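Student: One file is attached below, target09.cif, containing mmCIF, C-alpha atoms.
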```cif
data_structure
loop_
_atom_site.label_atom_id
_atom_site.label_comp_id
_atom_site.auth_asym_id
_atom_site.auth_seq_id
_atom_site.Cartn_x
_atom_site.Cartn_y
_atom_site.Cartn_z
CA MET A 1 144.71 103.50 116.53
CA LEU A 2 143.26 105.04 113.38
CA ASN A 3 146.11 106.60 111.41
CA THR A 4 144.38 108.61 108.72
CA ILE A 5 141.26 110.71 108.35
CA GLU A 6 140.11 108.19 105.74
CA GLN A 7 140.32 105.43 108.34
CA GLN A 8 138.35 107.49 110.85
CA VAL A 9 135.61 108.29 108.35
CA GLY A 10 135.63 104.65 107.22
CA GLN A 11 134.45 103.58 110.68
CA LEU A 12 131.09 105.28 109.94
CA ILE A 13 130.49 103.18 106.81
CA ILE A 14 128.65 99.86 106.51
CA ALA A 15 129.38 98.81 102.93
CA GLY A 16 127.56 96.60 100.50
CA PHE A 17 129.71 94.67 98.04
CA ARG A 18 129.63 92.03 95.33
CA GLY A 19 131.07 88.57 95.87
CA MET A 20 130.63 85.23 97.63
CA THR A 21 134.27 85.32 98.78
CA VAL A 22 136.89 87.97 99.54
CA GLU A 23 139.30 87.87 96.63
CA THR A 24 142.75 89.47 96.72
CA GLY A 25 142.44 92.92 95.13
CA SER A 26 138.63 92.93 95.33
CA ASP A 27 136.64 96.09 96.10
CA ILE A 28 135.63 94.86 99.55
CA GLN A 29 139.20 94.00 100.51
CA HIS A 30 140.19 97.50 99.37
CA TYR A 31 137.43 99.10 101.50
CA ILE A 32 138.53 97.13 104.56
CA LYS A 33 142.30 97.62 104.15
CA LYS A 34 142.43 101.22 102.92
CA TYR A 35 139.40 102.78 104.58
CA ASN A 36 139.06 100.61 107.71
CA ILE A 37 135.26 100.49 107.19
CA GLY A 38 133.06 99.88 110.21
CA GLY A 39 131.18 96.98 108.70
CA VAL A 40 129.44 95.32 105.78
CA ILE A 41 125.89 94.42 104.83
CA LEU A 42 125.10 91.08 103.20
CA TYR A 43 122.43 90.59 100.53
CA ASP A 44 121.33 87.46 98.74
CA GLU A 45 120.14 89.22 95.59
CA ASP A 46 122.02 91.75 93.49
CA LEU A 47 119.23 94.00 92.22
CA ALA A 48 121.22 95.10 89.16
CA ILE A 49 121.75 91.47 88.14
CA GLY A 50 118.53 89.96 89.52
CA GLY A 51 117.80 86.51 90.88
CA HIS A 52 118.56 84.49 93.99
CA GLY A 53 122.17 83.99 94.99
CA THR A 54 123.59 86.79 92.86
CA ARG A 55 125.25 88.82 95.63
CA ASN A 56 126.77 87.38 98.85
CA ILE A 57 124.68 84.40 99.94
CA GLU A 58 124.76 80.92 98.46
CA SER A 59 124.73 78.46 101.39
CA PRO A 60 125.26 78.39 105.18
CA SER A 61 128.86 77.12 104.87
CA GLN A 62 129.71 79.70 102.19
CA VAL A 63 128.32 82.59 104.30
CA LYS A 64 130.29 81.44 107.34
CA GLU A 65 133.46 81.20 105.24
CA LEU A 66 132.85 84.65 103.70
CA ILE A 67 132.42 86.25 107.13
CA GLY A 68 135.63 84.61 108.35
CA GLN A 69 137.48 86.05 105.34
CA LEU A 70 136.02 89.51 105.96
CA GLN A 71 137.05 89.52 109.63
CA ASN A 72 140.52 88.17 108.83
CA ASN A 73 141.11 91.12 106.51
CA ALA A 74 139.99 93.70 109.09
CA ARG A 75 142.11 95.60 111.60
CA ASN A 76 139.11 96.13 113.88
CA ASN A 77 136.35 93.55 114.11
CA LEU A 78 133.65 94.41 111.58
CA LEU A 79 129.95 94.84 112.11
CA ILE A 80 128.54 92.09 109.88
CA SER A 81 124.98 93.19 109.21
CA ILE A 82 121.91 91.81 107.48
CA ASP A 83 118.19 92.55 107.04
CA GLN A 84 116.66 89.46 108.63
CA GLU A 85 113.16 90.47 109.71
CA GLY A 86 111.43 87.33 108.43
CA GLY A 87 108.87 86.94 105.64
CA GLU A 88 109.57 89.09 102.58
CA VAL A 89 112.51 90.86 104.16
CA HIS A 90 115.02 88.12 104.84
CA ARG A 91 118.25 87.22 103.13
CA LEU A 92 118.79 83.72 104.56
CA ARG A 93 116.18 81.90 102.49
CA THR A 94 115.26 78.23 102.29
CA VAL A 95 116.56 78.13 98.70
CA TYR A 96 120.08 78.50 100.18
CA GLY A 97 119.52 75.83 102.81
CA PHE A 98 118.31 77.97 105.72
CA ASP A 99 115.18 77.32 107.80
CA GLU A 100 111.83 78.84 106.80
CA THR A 101 111.25 82.21 108.49
CA PRO A 102 107.68 83.49 108.90
CA SER A 103 107.03 87.23 108.63
CA TRP A 104 107.06 89.57 111.63
CA ASN A 105 103.41 90.25 110.77
CA HIS A 106 102.57 86.52 110.95
CA ILE A 107 104.18 86.27 114.39
CA GLY A 108 102.18 89.37 115.35
CA LEU A 109 98.87 87.81 114.29
CA LEU A 110 99.63 84.84 116.58
CA ASN A 111 100.60 87.30 119.36
CA ASN A 112 101.92 84.54 121.59
CA GLU A 113 104.97 85.40 123.68
CA LEU A 114 106.32 81.85 123.60
CA ILE A 115 106.09 81.72 119.80
CA THR A 116 107.75 85.15 119.54
CA GLU A 117 110.53 83.88 121.79
CA GLN A 118 111.04 80.70 119.71
CA PHE A 119 110.99 82.69 116.45
CA SER A 120 113.49 85.21 117.82
CA ARG A 121 115.82 82.64 119.40
CA SER A 122 115.96 80.54 116.24
CA MET A 123 116.75 83.60 114.12
CA ALA A 124 119.33 85.00 116.54
CA ASN A 125 121.14 81.66 116.88
CA THR A 126 121.25 81.23 113.10
CA LEU A 127 122.85 84.67 112.73
CA SER A 128 125.28 84.13 115.59
CA ASP A 129 126.40 80.72 114.26
CA LEU A 130 127.26 82.35 110.91
CA GLY A 131 129.19 85.21 112.51
CA ILE A 132 126.56 87.89 111.77
CA ASN A 133 126.54 90.35 114.68
CA LEU A 134 124.04 93.03 113.60
CA ASN A 135 120.44 92.46 112.50
CA PHE A 136 118.49 95.42 111.09
CA ALA A 137 115.35 94.41 112.97
CA PRO A 138 112.87 94.55 114.65
CA VAL A 139 110.40 96.75 112.78
CA LEU A 140 108.72 98.98 115.39
CA ASP A 141 106.42 100.63 112.84
CA LEU A 142 102.72 100.23 113.61
CA ASP A 143 100.38 98.35 111.30
CA HIS A 144 98.21 100.96 109.56
CA GLY A 145 96.40 98.45 107.34
CA SER A 146 96.26 97.79 103.61
CA GLY A 147 97.50 100.49 101.29
CA THR A 148 100.53 101.21 103.46
CA VAL A 149 103.92 99.87 102.36
CA ILE A 150 104.96 98.32 105.70
CA SER A 151 101.61 96.57 106.18
CA ASP A 152 101.28 95.35 102.59
CA SER A 153 104.73 93.76 102.80
CA LYS A 154 103.77 92.03 106.10
CA ARG A 155 106.49 93.80 108.06
CA ALA A 156 104.38 95.27 110.90
CA PHE A 157 103.72 93.28 114.06
CA SER A 158 100.58 95.03 115.33
CA SER A 159 98.61 98.27 115.34
CA ASP A 160 98.89 98.33 119.16
CA PRO A 161 102.09 100.02 120.42
CA ARG A 162 102.03 97.98 123.65
CA VAL A 163 101.94 94.68 121.73
CA VAL A 164 104.74 95.87 119.42
CA LYS A 165 106.86 96.91 122.39
CA LYS A 166 106.32 93.72 124.40
CA ASN A 167 107.20 91.38 121.53
CA SER A 168 110.05 93.52 120.21
CA LYS A 169 111.65 93.34 123.66
CA ILE A 170 111.50 89.52 123.45
CA PHE A 171 113.08 89.67 119.98
CA ILE A 172 115.87 91.97 121.18
CA ASP A 173 116.53 89.97 124.37
CA GLN A 174 116.97 86.74 122.39
CA HIS A 175 119.38 88.47 120.01
CA ARG A 176 121.33 89.91 122.95
CA LEU A 177 121.66 86.43 124.47
CA ALA A 178 123.14 85.27 121.14
CA GLY A 179 125.51 88.26 120.97
CA VAL A 180 123.70 89.92 118.06
CA ILE A 181 123.03 93.68 118.01
CA THR A 182 119.53 94.73 116.93
CA CYS A 183 118.27 97.93 115.34
CA GLY A 184 114.77 99.32 115.91
CA LYS A 185 113.31 100.87 112.76
CA HIS A 186 112.13 103.13 111.15
CA PHE A 187 112.18 106.19 113.46
CA PRO A 188 109.98 108.18 114.00
CA GLY A 189 107.54 105.54 112.66
CA LEU A 190 106.99 104.64 109.01
CA GLY A 191 103.86 102.52 109.39
CA SER A 192 101.46 105.10 107.92
CA ALA A 193 103.47 105.67 104.71
CA SER A 194 101.73 104.77 101.46
CA GLY A 195 104.86 105.60 99.43
CA ASP A 196 108.11 103.63 99.39
CA THR A 197 111.26 105.61 100.28
CA HIS A 198 113.26 103.31 97.97
CA GLU A 199 111.25 104.72 95.06
CA GLY A 200 110.87 108.40 95.92
CA PHE A 201 109.73 111.17 98.25
CA THR A 202 107.45 109.84 101.00
CA ASP A 203 105.27 112.33 102.89
CA ILE A 204 103.58 111.13 106.10
CA SER A 205 102.52 114.60 107.30
CA GLU A 206 98.81 113.78 107.14
CA THR A 207 99.01 110.24 108.55
CA TRP A 208 101.72 110.13 111.25
CA THR A 209 100.65 110.60 114.87
CA VAL A 210 102.38 110.49 118.24
CA LYS A 211 101.06 106.93 118.61
CA ASP A 212 103.63 105.88 115.96
CA LEU A 213 106.38 107.10 118.28
CA LEU A 214 105.30 105.12 121.35
CA PRO A 215 107.20 101.85 120.75
CA PHE A 216 110.44 103.83 120.28
CA ASP A 217 109.77 106.13 123.25
CA GLU A 218 108.99 103.35 125.73
CA MET A 219 111.76 101.01 124.59
CA ILE A 220 114.37 103.78 124.79
CA ARG A 221 113.16 104.60 128.30
CA ASP A 222 113.56 100.94 129.31
CA GLY A 223 117.02 100.64 127.72
CA ASP A 224 115.84 98.08 125.17
CA LEU A 225 117.16 99.63 121.95
CA ASP A 226 120.77 99.01 120.91
CA MET A 227 120.63 101.01 117.69
CA VAL A 228 117.98 103.05 115.86
CA MET A 229 117.47 103.36 112.11
CA ILE A 230 116.10 106.68 110.84
CA SER A 231 113.65 106.64 107.96
CA HIS A 232 113.75 108.92 104.92
CA SER A 233 110.10 109.93 105.36
CA PHE A 234 109.02 113.58 105.51
CA ASP A 235 106.60 115.00 108.07
CA LYS A 236 106.07 118.76 108.00
CA LYS A 237 104.67 118.65 111.55
CA LEU A 238 108.03 117.45 112.86
CA ASP A 239 110.36 119.29 110.47
CA PRO A 240 108.94 121.62 107.80
CA ILE A 241 112.10 121.46 105.66
CA TYR A 242 113.95 118.14 105.87
CA PRO A 243 113.11 114.41 105.77
CA SER A 244 113.79 112.54 109.03
CA SER A 245 117.25 111.25 108.07
CA LEU A 246 118.48 114.80 107.32
CA SER A 247 116.73 116.48 110.23
CA ARG A 248 118.56 117.84 113.26
CA ILE A 249 115.13 118.47 114.83
CA ILE A 250 114.13 114.80 114.56
CA ILE A 251 117.48 113.17 115.37
CA SER A 252 119.34 115.51 117.76
CA ASP A 253 116.36 117.22 119.40
CA MET A 254 113.62 114.60 119.35
CA LEU A 255 115.44 111.23 119.45
CA ARG A 256 118.47 112.22 121.51
CA LYS A 257 117.38 115.10 123.77
CA ASP A 258 113.65 114.44 124.21
CA LEU A 259 113.67 110.63 124.20
CA GLY A 260 117.17 110.21 125.61
CA PHE A 261 118.61 107.75 123.10
CA ASP A 262 122.41 107.67 123.32
CA GLY A 263 123.26 104.66 121.10
CA PRO A 264 124.29 104.73 117.44
CA VAL A 265 121.85 106.16 114.90
CA ILE A 266 122.02 104.65 111.43
CA CYS A 267 120.28 105.92 108.33
CA ASP A 268 118.65 103.87 105.64
CA ASP A 269 120.71 103.87 102.42
CA PRO A 270 121.19 107.49 101.22
CA SER A 271 121.00 106.24 97.63
CA MET A 272 117.26 105.59 98.12
CA ARG A 273 115.45 107.91 95.76
CA ALA A 274 113.62 109.73 98.57
CA ILE A 275 117.04 111.32 99.21
CA SER A 276 119.18 110.88 96.08
CA ASP A 277 116.57 112.48 93.79
CA HIS A 278 116.70 115.70 95.82
CA TYR A 279 120.16 116.09 97.39
CA SER A 280 123.74 115.80 96.15
CA LEU A 281 126.09 113.34 97.88
CA HIS A 282 127.96 116.16 99.64
CA ASP A 283 124.76 117.87 100.80
CA THR A 284 123.34 114.55 101.98
CA PHE A 285 126.34 113.72 104.18
CA GLU A 286 126.64 117.27 105.48
CA LEU A 287 123.00 117.35 106.56
CA MET A 288 122.95 113.79 107.94
CA LEU A 289 126.13 114.15 109.98
CA ASN A 290 125.13 117.53 111.37
CA ALA A 291 121.67 116.12 112.15
CA GLY A 292 123.25 113.36 114.23
CA VAL A 293 123.56 110.23 112.05
CA ASP A 294 126.46 108.00 113.19
CA LEU A 295 126.46 105.11 110.73
CA PHE A 296 125.73 105.04 107.01
CA CYS A 297 124.39 101.88 105.43
CA LEU A 298 125.77 102.17 101.89
CA GLY A 299 124.22 99.00 100.51
CA ASN A 300 125.17 99.93 96.94
CA ASN A 301 122.47 97.59 95.67
CA LEU A 302 119.70 99.76 94.25
CA ILE A 303 122.03 100.95 91.48
CA TYR A 304 125.50 99.40 91.69
CA ASP A 305 128.39 101.86 91.51
CA PRO A 306 131.91 100.44 92.09
CA ASP A 307 133.06 103.89 93.26
CA TYR A 308 130.15 104.57 95.64
CA ILE A 309 132.07 103.82 98.86
CA PRO A 310 135.27 105.75 97.91
CA LYS A 311 133.14 108.68 96.64
CA SER A 312 131.15 108.75 99.89
CA ILE A 313 134.27 108.71 102.07
CA LYS A 314 135.86 111.42 99.92
CA ALA A 315 132.68 113.54 100.22
CA ILE A 316 132.82 113.36 104.03
CA ILE A 317 136.56 114.21 104.04
CA ASP A 318 135.83 117.20 101.77
CA LEU A 319 133.24 118.37 104.30
CA ILE A 320 135.77 118.12 107.13
CA ASN A 321 138.43 119.95 105.11
CA THR A 322 135.99 122.79 104.34
CA ASN A 323 134.84 122.98 107.99
CA LYS A 324 131.27 121.98 107.18
CA ILE A 325 131.72 118.98 109.48
CA THR A 326 134.04 118.99 112.50
CA GLU A 327 136.45 116.17 113.23
CA GLY A 328 134.92 116.13 116.70
CA ARG A 329 131.58 115.21 115.17
CA ILE A 330 133.20 112.17 113.49
CA LEU A 331 134.92 111.13 116.76
CA GLU A 332 131.59 111.40 118.60
CA SER A 333 130.08 108.84 116.21
CA ILE A 334 133.12 106.56 116.45
CA LYS A 335 132.76 106.61 120.25
CA ARG A 336 129.11 105.50 120.05
CA ILE A 337 130.01 102.75 117.56
CA ASN A 338 132.88 101.54 119.74
CA ASN A 339 130.66 101.53 122.83
CA ILE A 340 128.11 99.20 121.21
CA LYS A 341 130.90 96.98 119.87
CA LYS A 342 132.38 96.68 123.38
CA ARG A 343 128.99 95.79 124.85
CA PHE A 344 128.70 92.92 122.39
CA ASN A 345 132.37 91.89 122.56
CA ILE A 346 133.02 93.02 118.96
CA SER A 347 136.04 94.88 120.22
CA GLU A 348 139.22 96.13 118.67
CA ARG A 349 142.06 93.65 118.20
#
```
Show me, as structure tokens, the structure contained in the file I just sent.

Tutor:
Amino acid sequence: MLNTIEQQVGQLIIAGFRGMTVETGSDIQHYIKKYNIGGVILYDEDLAIGGHGTRNIESPSQVKELIGQLQNNARNNLLISIDQEGGEVHRLRTVYGFDETPSWNHIGLLNNELITEQFSRSMANTLSDLGINLNFAPVLDLDHGSGTVISDSKRAFSSDPRVVKKNSKIFIDQHRLAGVITCGKHFPGLGSASGDTHEGFTDISETWTVKDLLPFDEMIRDGDLDMVMISHSFDKKLDPIYPSSLSRIIISDMLRKDLGFDGPVICDDPSMRAISDHYSLHDTFELMLNAGVDLFCLGNNLIYDPDYIPKSIKAIIDLINTNKITEGRILESIKRINNIKKRFNISER
């Protein structure tokens, strides 16, 4: 039972933190104990410090120990999340003693179902053995060729929606067998973007087409997506006012009503400059929650702020207290989060 409004709101937060261990009195212990946060996200590099092994990841045994400490501090089992796509976007690198992981794009160029299965099984088993239960992958964005951010960073599997769908299903099935939740990203399709939402406003109005939506549409219809991550991109054809992650039209109308997705929706970090340059923290959470976002990935790694998690939780509580967000809206998100946890046996204690 969640006793306080802080502990209810905390369930919507996946928090980034500094440290290879959970020390008594540390920020992360405080977030877990006081706010009952829903989960954490692990990084290997602290961007404010720079360099490998400056954040949460040093070796396989250390990561396993860290995750045990995190769960032992929690009242409800935590979502332990990571970005482990392969290639450039992976946190479990060989320098820390993990196996080499080719990029999602490299696996796509091979386009061999057996290789996709082996790649996916190896990754899922590595995560499961460590105690990581949520992987922010696969990337469902289509490959739009050089000059686009997703393609240039080798994160897109294929330009063919059918090929993306077929192989992403293999990836997800292997993770499910290992007890790891997956998250299709970045809805409604970020493949055509030439700008990076980490760096600033990204407009895909002239480049996005319905084709970019197909992997999401078909996989939702087949029940293959556990969780969906919303991008911060802007497309005036879909919503003339708001970027995707702040858009009721894109999340509640398009993703939920039109496509029928009923799992948790998570947004990319609101501190990314595509959002933070244009909206205050209160406005961001008001718009995102009312649009239909359930989980907030507050990685706190682009610019580190020790008060980012408490400030975010306070902002959401302020919105509830001023009737800009209903408590029912918060409980709706908690229900979706609990449902996915139950499906993967990450249940309450």

Student: A:Val95, A:Asp239, A:Gln84, A:Leu12: which is nearest Gly51 of chain A, counting all atoms listed in the file?

Tutor: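 Going through A:Val95, A:Asp239, A:Gln84, A:Leu12 one by one, the smallest distance to Gly51 of chain A is for A:Val95.
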
Student: At a cut-off of 10 Å, using only C-alpha atoms, what residues contact Cys297 of chain A? Leave out same-chain residues fewer than 6 positions from it and give the result as a PyMOL selection string.

Tutor: chain A and resi 12-16+39-41+81+229+266-271

Student: Using only C-alpha atoms for the distances, tell me which of A:Ser245, A:Ser252, A:Thr116, A:Thr202 is nearest to Phe296 of chain A.

Tutor: A:Ser245

Student: Could you tell me, as a ChimeraX atom specification, exactly which residues end up selected when the PyMOL selection byres ((chain A and resi 91) around 10) is applied to this structure?

Tutor: /A:42-45,52-53,56-57,82-90,92-94,96,98

Student: Based on the selection just made, write C-alpha atoms of those residues as a short mmCIF file (atom, residue, chain, number, x, y, z; two decimals), keeping the file's coordinate frame.

Tutor:
```
data_model
loop_
_atom_site.label_atom_id
_atom_site.label_comp_id
_atom_site.auth_asym_id
_atom_site.auth_seq_id
_atom_site.Cartn_x
_atom_site.Cartn_y
_atom_site.Cartn_z
CA LEU A 42 125.10 91.08 103.20
CA TYR A 43 122.43 90.59 100.53
CA ASP A 44 121.33 87.46 98.74
CA GLU A 45 120.14 89.22 95.59
CA HIS A 52 118.56 84.49 93.99
CA GLY A 53 122.17 83.99 94.99
CA ASN A 56 126.77 87.38 98.85
CA ILE A 57 124.68 84.40 99.94
CA ILE A 82 121.91 91.81 107.48
CA ASP A 83 118.19 92.55 107.04
CA GLN A 84 116.66 89.46 108.63
CA GLU A 85 113.16 90.47 109.71
CA GLY A 86 111.43 87.33 108.43
CA GLY A 87 108.87 86.94 105.64
CA GLU A 88 109.57 89.09 102.58
CA VAL A 89 112.51 90.86 104.16
CA HIS A 90 115.02 88.12 104.84
CA LEU A 92 118.79 83.72 104.56
CA ARG A 93 116.18 81.90 102.49
CA THR A 94 115.26 78.23 102.29
CA TYR A 96 120.08 78.50 100.18
CA PHE A 98 118.31 77.97 105.72
#
```

Student: Which residues match the PyMOL selection byres ((chain A and resi 102-106) around 6) in the file above, as a list in words?

Tutor: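 Applying the PyMOL selection byres ((chain A and resi 102-106) around 6) to the structure shown produces Gly86, Gly87, Thr101, Ile107, Gly108, Leu109, Lys154, Arg155, Ala156 and Phe157 of chain A.
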
Student: Using all atoms listed in the file, find the one residue out of A:Asn345, A:Ser280, A:Thr126, A:Ser205 that sits nearest to Pro243 of chain A.

Tutor: A:Ser205

Student: Can you work out the spacing between atom CA of Asp160 of chain A and atom CA of Asp217 of chain A in Å, to one decimal?

Tutor: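 Spanning atom CA of Asp160 of chain A to atom CA of Asp217 of chain A is a straight-line distance of 14.0 Å.
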
Student: Evaluate the PyMOL selection byres ((chain A and resi 37) around 9) on the structure here and hand back the selected residues as number ranges by chain.

Tutor: A: 7-15, 31-36, 38-40, 74, 76, 78

Student: For segment 258-294 of chain A in the structure I just supplied, write out C-alpha atoms - as a PDB file, in the first residue's frame.

Tutor:
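Listed below is the output, out_13.pdb:
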```pdb
ATOM      1  CA  ASP A 258      -6.495   4.370 -32.899  1.00  0.00           C
ATOM      2  CA  LEU A 259      -3.762   1.743 -32.499  1.00  0.00           C
ATOM      3  CA  GLY A 260      -5.134   0.180 -29.324  1.00  0.00           C
ATOM      4  CA  PHE A 261      -1.998   0.172 -27.175  1.00  0.00           C
ATOM      5  CA  ASP A 262      -2.875  -0.324 -23.499  1.00  0.00           C
ATOM      6  CA  GLY A 263       0.581  -0.872 -21.940  1.00  0.00           C
ATOM      7  CA  PRO A 264       2.758   1.727 -20.221  1.00  0.00           C
ATOM      8  CA  VAL A 265       3.929   4.724 -22.242  1.00  0.00           C
ATOM      9  CA  ILE A 266       7.294   6.166 -21.235  1.00  0.00           C
ATOM     10  CA  CYS A 267       8.808   9.402 -22.452  1.00  0.00           C
ATOM     11  CA  ASP A 268      12.409  10.045 -23.305  1.00  0.00           C
ATOM     12  CA  ASP A 269      14.130  12.198 -20.665  1.00  0.00           C
ATOM     13  CA  PRO A 270      12.236  15.534 -20.323  1.00  0.00           C
ATOM     14  CA  SER A 271      15.563  17.264 -19.672  1.00  0.00           C
ATOM     15  CA  MET A 272      16.479  16.735 -23.348  1.00  0.00           C
ATOM     16  CA  ARG A 273      16.761  20.175 -24.885  1.00  0.00           C
ATOM     17  CA  ALA A 274      13.970  19.550 -27.407  1.00  0.00           C
ATOM     18  CA  ILE A 275      11.698  19.931 -24.356  1.00  0.00           C
ATOM     19  CA  SER A 276      13.647  21.720 -21.603  1.00  0.00           C
ATOM     20  CA  ASP A 277      14.573  24.669 -23.853  1.00  0.00           C
ATOM     21  CA  HIS A 278      10.887  25.424 -24.451  1.00  0.00           C
ATOM     22  CA  TYR A 279       8.845  24.302 -21.421  1.00  0.00           C
ATOM     23  CA  SER A 280       9.141  24.725 -17.654  1.00  0.00           C
ATOM     24  CA  LEU A 281       9.256  21.608 -15.468  1.00  0.00           C
ATOM     25  CA  HIS A 282       5.670  22.150 -14.265  1.00  0.00           C
ATOM     26  CA  ASP A 283       4.341  22.738 -17.785  1.00  0.00           C
ATOM     27  CA  THR A 284       6.228  19.695 -19.076  1.00  0.00           C
ATOM     28  CA  PHE A 285       4.737  17.323 -16.502  1.00  0.00           C
ATOM     29  CA  GLU A 286       1.256  18.818 -16.819  1.00  0.00           C
ATOM     30  CA  LEU A 287       1.245  18.369 -20.587  1.00  0.00           C
ATOM     31  CA  MET A 288       2.882  14.924 -20.552  1.00  0.00           C
ATOM     32  CA  LEU A 289       0.602  13.464 -17.887  1.00  0.00           C
ATOM     33  CA  ASN A 290      -2.539  14.874 -19.478  1.00  0.00           C
ATOM     34  CA  ALA A 291      -1.328  13.605 -22.859  1.00  0.00           C
ATOM     35  CA  GLY A 292      -1.066  10.072 -21.456  1.00  0.00           C
ATOM     36  CA  VAL A 293       2.560   9.459 -20.417  1.00  0.00           C
ATOM     37  CA  ASP A 294       2.794   6.882 -17.589  1.00  0.00           C
TER      38      ASP A 294
END
```
